[in-house]
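Asker: Have a look at this one before I ask anything.
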Amino acid sequence: METGIAGRRAIVCASSRGLGRACAEALAQEGCEVFINGRSEKTLAEATRKIFELTGNQPISVVADLNTESGREALLKACPMPDILITNNGGPEPGSIKDWDMERWQQAVNANMLSAIMMIQSVVTGMQERSFGRIVNITSAMVKTPRLPLGLSTAARAGLTAFSKALSVEVARHNVTINNVLPERIATDRLTYMTEQYAMSKSIDMAQAREAMVRPIPARRFGTPEEFAAACTFLCSSQAGYITGQNLQIDGGAYSGLI
């Protein structure tokens with residue numbers, strides 16, 4: 001399908017690896033001018049090289065920490081008028097409520113709610129003025145199916161979801177859409193880490209842990225970053241202009257609810 005976004009400028013946050021990188025690759029494949037960022041210069045350089053090899057389009061990379069104002073400013077200086085914004089950031093480690101002091105909560109809210117909101121606020125007015133904008137937040141399936149060990153992430157991302165829903169109503173008339181994609185058990189480094197944590201907590205080996213984590217998924221497998229990125233790319237397409245304020249589960253059928 002022709003997505004109609006060739007030549008569009010796209011910022012993909014936290015895109016040196018994992019789901020962010022997969023989305024950057026997919027948008028570059030569609031002909032977008034892609035701006036990526038990461039905190040590690042080495043990892044970012046490798047992502048830049050790989051994206052160019054796969055797509056023939058050279059992304060513009062910015063070493064920046066999105067949890068800081070200076071990091072966000074650096075990325076927006078490189079691309080002050082994006083047509084597409086994909087917000088993304090690493091989530092806090094799973095833990096116990098007894099360990100979550102004010103500092104831990106503030107870190108989670110800054111990383112998984114406020115950093116994305118600050119990026120959205122910086123670009124949405126320009127999108128409205130140009131009558132085109134696609135904003136996609138990479139959140140988590142735990143927004144709709146909360147689990148207490150991931151409470152820091154769930155609470156912060158739910159706040160981002162609520163803000164985005166409210167804003168989407170105000171900007172839809174300008175052909176600006178805001179949607180959320182909710183991954184669960186996609187084969188990334190994050191999933192490997194979570195599987196390792198599960199194996200240690202249950203005193204089992206990695207093969208057993210993987211089997212246990214696959215079992216609740218009706219598809220009976222983990223998702224791929226490419227599948228996730230394809231769904232995200234569609235929400236960025238010109239054809240998706242009538243889809244906004246939505247939460248798209250990318251979970252192999254794991255979510256058991258109706259809405």
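Within each chain, counting starts at residue 1; across the structure tokens, chains are named A, B, ... in the order shown, with ligands numbered 1 upward in that order.
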Tell me, which residues of segment 130-195 of chain A carry DSSP helix (DSSP H, G or I), written as a ChimeraX atom specification?
Answerer: /A:130,141-143,148-174,189-195
Asker: Need the shell around Ile84 of chain A: protein/DNA/RNA residues with any atom at most 8 Å away, counting only C-alpha atoms. Skip same-chain ones fewer than 5 positions apart. Format as number ranges by chain?
Answerer: A: 8-11, 133-135, 236
Asker: Name all residues at most 8 Å from Ser238 of chain A (count only C-alpha atoms; drop same-chain ones fewer than 2 positions away) and give them as number ranges by chain.
Answerer: A: 3-5, 236, 240-241
Asker: Given the selection you just returned, output its residues as a file containing C-alpha atoms, formatted as a CSV table (one decimal), in the first residue's frame.
Answerer:
chain,number,residue,atom,x,y,z
A,3,THR,CA,1.3,5.3,2.5
A,4,GLY,CA,1.6,8.8,1.1
A,5,ILE,CA,4.3,9.9,3.5
A,236,CYS,CA,1.4,7.6,10.3
A,240,ALA,CA,-5.1,6.9,8.7
A,241,GLY,CA,-6.4,10.5,8.9
Asker: Run DSSP on the backbone and give me the residues of segment 4-223 of chain A it puts in strand (DSSP E or B), as an NGL selection string.
Answerer: :A and (9-12 or 33-38 or 60-63 or 84-87 or 133-138 or 176-183 or 186 or 223)
Asker: Tell me, as a PyMOL selection string, which residues lie within 10 Å of segment 48-51 of chain A, counting only C-alpha atoms; anything in the same chain fewer than 2 positions away does not count.
Answerer: chain A and resi 15-16+21-22+24-26+28-29+34-37+42-46+53-61
Asker: Kindly indicate which residue among A:Pro94, A:Ala219, A:Val109, A:Ile138 lies nearest to Tyr193 of chain A, using only C-alpha atoms for the distances.
Answerer: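 Of A:Pro94, A:Ala219, A:Val109, A:Ile138, the one nearest Tyr193 of chain A, counting only C-alpha atoms, is A:Pro94.
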Asker: Do a neighbour search on segment 72-77 of chain A at 7 Å with only C-alpha atoms, toss out local chain neighbours closer than 6 positions, and write the hits as a count of residues only.
Answerer: 3
Asker: Go through A:Arg17, A:Arg221, A:Arg173, A:Arg157 one by one, measure the shortest atom-to-atom distance of each to Met127 of chain A using only C-alpha atoms, and give the residue with the smallest value.
Answerer: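 So, comparing all the options, the nearest one is A:Arg173.
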Asker: Which one is closest to Ala229 of chain A: A:Thr68, A:Ser164, A:Ser153, A:Ile86? Count only C-alpha atoms.
Answerer: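 Nearest to Ala229 of chain A: A:Ile86.
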Asker: To one decimal in Å, tell me the separation between atom CA of Asn137 of chain A and atom CA of Leu235 of chain A.
Answerer: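 Taking atom CA of Asn137 of chain A as the start and atom CA of Leu235 of chain A as the end point, the length is 10.6 Å.
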Asker: Would you pick out the contacts of Met213 of chain A at 9 Å or less, using only C-alpha atoms, so that residues sharing its chain but fewer than 6 positions from it are not included, and give the list as a list in words?
Answerer: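 Residues meeting the cut-off are Arg185, Thr195, Tyr198 and Phe222 of chain A.
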Asker: Let me see the file: selected residues, N, CA, C and O atoms, as a PDB file, in the first residue's frame.
Answerer:
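Dumped everything to result_31.pdb:
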ATOM      1  N   ARG A 185       5.064  -8.275  24.731  1.00  0.00           N
ATOM      2  CA  ARG A 185       5.910  -9.427  24.408  1.00  0.00           C
ATOM      3  C   ARG A 185       6.347  -9.433  22.945  1.00  0.00           C
ATOM      4  O   ARG A 185       6.087 -10.376  22.197  1.00  0.00           O
ATOM      5  N   THR A 195      12.371 -11.744  30.509  1.00  0.00           N
ATOM      6  CA  THR A 195      12.388 -13.203  30.592  1.00  0.00           C
ATOM      7  C   THR A 195      13.444 -13.671  31.585  1.00  0.00           C
ATOM      8  O   THR A 195      13.216 -14.607  32.370  1.00  0.00           O
ATOM      9  N   TYR A 198      12.131 -13.116  35.034  1.00  0.00           N
ATOM     10  CA  TYR A 198      11.123 -14.126  35.366  1.00  0.00           C
ATOM     11  C   TYR A 198      11.801 -15.451  35.709  1.00  0.00           C
ATOM     12  O   TYR A 198      11.418 -16.120  36.680  1.00  0.00           O
ATOM     13  N   PHE A 222       6.104 -14.882  20.241  1.00  0.00           N
ATOM     14  CA  PHE A 222       6.336 -13.464  20.479  1.00  0.00           C
ATOM     15  C   PHE A 222       6.152 -12.697  19.174  1.00  0.00           C
ATOM     16  O   PHE A 222       6.346 -13.231  18.085  1.00  0.00           O
TER      17      PHE A 222
END
Asker: Would you kindly return, as a list in words, each protein, DNA or RNA residue with an atom no farther than 9 Å from any atom of Met194 of chain A, considering only C-alpha atoms and excluding same-chain residues fewer than 5 positions away?
Answerer: Glu93, Pro94, Asp189 and Ala199 of chain A
Asker: Return as CSV the residues of segment 115-195 of chain A lying at most 12 Å from segment 102-105 of chain A, together with the closest atom-to-atom pair for each and the distance in Å to one decimal, counting only C-alpha atoms, with rows in chain order and ascending residue number.
Answerer:
residue,atom,partner,partner_atom,distance
A:Leu150,CA,A:Trp105,CA,11.9
A:Gly151,CA,A:Trp105,CA,9.7
A:Leu152,CA,A:Trp105,CA,6.5
A:Ser153,CA,A:Trp105,CA,9.3
A:Thr154,CA,A:Trp105,CA,11.3
A:Ala155,CA,A:Trp105,CA,9.3
A:Ala156,CA,A:Trp105,CA,8.6
Asker: Using N, CA, C and O atoms, can you export the residues from the last selection as a short mmCIF file (atom, residue, chain, number, x, y, z; two decimals), in the first residue's frame?
Answerer:
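The file below, result27.cif, is the result:
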data_model
loop_
_atom_site.label_atom_id
_atom_site.label_comp_id
_atom_site.auth_asym_id
_atom_site.auth_seq_id
_atom_site.Cartn_x
_atom_site.Cartn_y
_atom_site.Cartn_z
N LEU A 150 4.67 -3.65 37.54
CA LEU A 150 4.98 -2.64 36.53
C LEU A 150 4.20 -1.35 36.78
O LEU A 150 3.94 -0.58 35.87
N GLY A 151 3.86 -1.12 38.04
CA GLY A 151 3.02 0.02 38.39
C GLY A 151 3.62 1.36 38.05
O GLY A 151 2.89 2.29 37.67
N LEU A 152 4.93 1.53 38.16
CA LEU A 152 5.56 2.80 37.81
C LEU A 152 5.32 3.13 36.35
O LEU A 152 4.92 4.25 36.00
N SER A 153 5.56 2.15 35.49
CA SER A 153 5.37 2.34 34.05
C SER A 153 3.90 2.54 33.72
O SER A 153 3.53 3.44 32.97
N THR A 154 3.05 1.68 34.29
CA THR A 154 1.62 1.73 33.99
C THR A 154 1.01 3.08 34.33
O THR A 154 0.28 3.68 33.52
N ALA A 155 1.31 3.59 35.50
CA ALA A 155 0.71 4.85 35.95
C ALA A 155 1.17 6.01 35.08
O ALA A 155 0.36 6.85 34.66
N ALA A 156 2.46 6.07 34.79
CA ALA A 156 2.98 7.18 33.99
C ALA A 156 2.44 7.14 32.57
O ALA A 156 2.02 8.16 32.02
#
